[in-house]
Amino acid sequence: MASVVFNPGEPVGSILESVNQNGVDLLILGALQRENFLKYYIGSIARKITRKASCSVMLLINPSIERLPCKHIVVNGLEDQKTPATISAAFFVAAALSSEKITIVEEVSSTEIGSVQDDKSLRKSTLLKEKISRREDSRIQKILEEIPQNHKEKKLIATQPIFGKRGYSIGHYAEVVRADLLVMNAPKASGFWDRLFPHDIEHILTELPTDILIVQ
């Protein structure tokens with residue numbers, strides 16, 4: 001059942017109030033792909049709503065009346081209590097949109113492997129990366145075992161470990177592989193210092209690599 005709601009007031013507060021009053025599960029918003037310096041510090045309407053929404057949010061950078069094919073979905077696989085539900089949501093969306101491929105990106109902080117200064121530290125770093133990659137892949141495989149088989153059928157499922165800054169790394173990867181949709185965990189509450197020194201999903205919200213679904 002569809003309904004139209006008119007709420008007076010400023011956009012962010014009115015939309016969030018409507019979300020809570022109507023028990024909304026998914027909020028879909030149009031968003032700027034790139035924000036300029038001023039809008040980053042002031043905060044666009046879409047980013048403000050994304051931070052505060054009590055439901056999942058989908059940001060569309062190129063809304064279209066005719067649905068464009070969603071062939072490749074990238075989803076975060078970082079070690080977090082929200083990740084299993086986020087991966088499950090990605091497979092549900094992939095099944096609904098008949099997506100052909102899902103890539104689960106395991107972001108690992110570069111601090112885990114240390115710095116490379118010589119041949120010895122390079123060998124040590126390479127071995128450690130391989131060990132961490134096996135660990136992360138094992139963790140993701142356990143999550144995949146819980147995904148309904150009908151959601152995994154006829155899907156090319158890949159895993160991709162990435163070492164770097166969380167948020168920035170997966171956003172860059174999604175852009176490079178030209179993903180049609182990026183699925184992420186909902187952000188944690190952020191304060192003043194987080195706005196000055198952004199982390200995790202804040203990098204993506206500033207410069208959206210593609211359409212993004214943020215799972216609450």
# chains A, B, ... in the order shown; residues from 1 in each chain; ligands from 1
$ residues_around --residues "A:Ala46" --least-positions-apart "5" --cutoff "9 Å" --atoms "only C-alpha atoms" --output "JSON, numbers by chain"
{"A": [12, 29, 30, 31, 32, 51, 59, 205]}
$ select_by_dssp --residues "stretch 3-216 of chain A" --states "helix (DSSP H, G or I)" --output "MDAnalysis selection string"
chainID A and resid 11:21 37:42 45:52 83:97 110:112 119:144 149:152 168:176 192:196 201:206
$ closest_residue --among "A:Cys55, A:Ala90, A:Lys48, A:Ala85" --to "A:Leu182" --atoms "only C-alpha atoms"
A:Ala90
$ closest_residue --among "A:Ser88, A:Arg47, A:Gly23, A:Glu106" --to "A:Ile204" --atoms "only C-alpha atoms"
A:Arg47
$ select_by_dssp --residues "chain A" --states "strand (DSSP E or B)" --output "PyMOL selection string"
chain A and resi 26-30+34+56-60+72-76+101-109+156-164+181-185+207+211-215
$ write_last_selection --atoms "C-alpha atoms" --output "compact mmCIF listing (two decimals), in the first residue's frame"
# COMPACT_ATOMS: atom_id res chain seq x y z
CA LEU A 26 13.91 1.33 4.27
CA LEU A 27 14.39 4.98 3.37
CA ILE A 28 15.43 5.75 -0.23
CA LEU A 29 17.11 9.09 -0.95
CA GLY A 30 18.73 10.79 -3.90
CA ARG A 34 30.58 14.23 -4.66
CA SER A 56 18.18 1.15 6.64
CA VAL A 57 18.93 3.81 4.02
CA MET A 58 19.54 3.54 0.28
CA LEU A 59 21.34 6.44 -1.41
CA LEU A 60 20.90 6.71 -5.17
CA HIS A 72 27.53 -6.58 -9.35
CA ILE A 73 27.03 -5.96 -5.63
CA VAL A 74 29.93 -5.27 -3.26
CA VAL A 75 29.31 -5.76 0.47
CA ASN A 76 31.52 -5.13 3.47
CA LYS A 101 27.82 -11.33 -8.76
CA ILE A 102 28.47 -10.53 -5.11
CA THR A 103 31.91 -9.63 -3.80
CA ILE A 104 32.47 -9.61 -0.05
CA VAL A 105 35.30 -7.24 0.81
CA GLU A 106 37.23 -8.00 3.97
CA GLU A 107 38.79 -4.70 5.05
CA VAL A 108 41.83 -5.14 7.27
CA SER A 109 43.59 -2.20 8.87
CA LEU A 156 29.18 -15.70 -8.64
CA ILE A 157 30.35 -15.23 -5.05
CA ALA A 158 33.83 -13.82 -4.48
CA THR A 159 35.80 -12.65 -1.45
CA GLN A 160 38.44 -9.93 -1.57
CA PRO A 161 40.76 -9.02 1.33
CA ILE A 162 41.90 -5.38 1.26
CA PHE A 163 44.55 -3.86 3.48
CA GLY A 164 44.17 -0.14 4.09
CA LEU A 181 25.55 -1.29 -5.49
CA LEU A 182 27.65 -1.08 -2.32
CA VAL A 183 26.14 -2.54 0.86
CA MET A 184 27.53 -1.38 4.19
CA ASN A 185 26.90 -1.60 7.93
CA GLU A 207 32.24 10.79 -2.21
CA ASP A 211 24.51 3.59 -5.19
CA ILE A 212 24.78 2.49 -1.58
CA LEU A 213 22.58 0.55 0.81
CA ILE A 214 23.30 1.14 4.49
CA VAL A 215 21.86 -1.65 6.62
$ atom_distance --atom1 "atom CA of A:Phe6" --atom2 "atom CA of A:Ser64"
23.1 Å
$ closest_residue --among "A:Ala53, A:Ile45, A:Val4, A:Ile132" --to "A:Glu17" --atoms "only C-alpha atoms"
A:Ala53
$ atom_distance --atom1 "atom CA of A:Ala89" --atom2 "atom CA of A:Pro148"
11.2 Å
$ closest_residue --among "A:Lys71, A:Lys155, A:His203, A:Lys52" --to "A:His172" --atoms "only C-alpha atoms"
A:His203
$ closest_residue --among "A:Pro84, A:Gly167, A:Pro63, A:Asn20" --to "A:Gln141" --atoms "only C-alpha atoms"
A:Pro84
$ atom_distance --atom1 "atom CA of A:Asn150" --atom2 "atom CA of A:Ala179"
22.4 Å
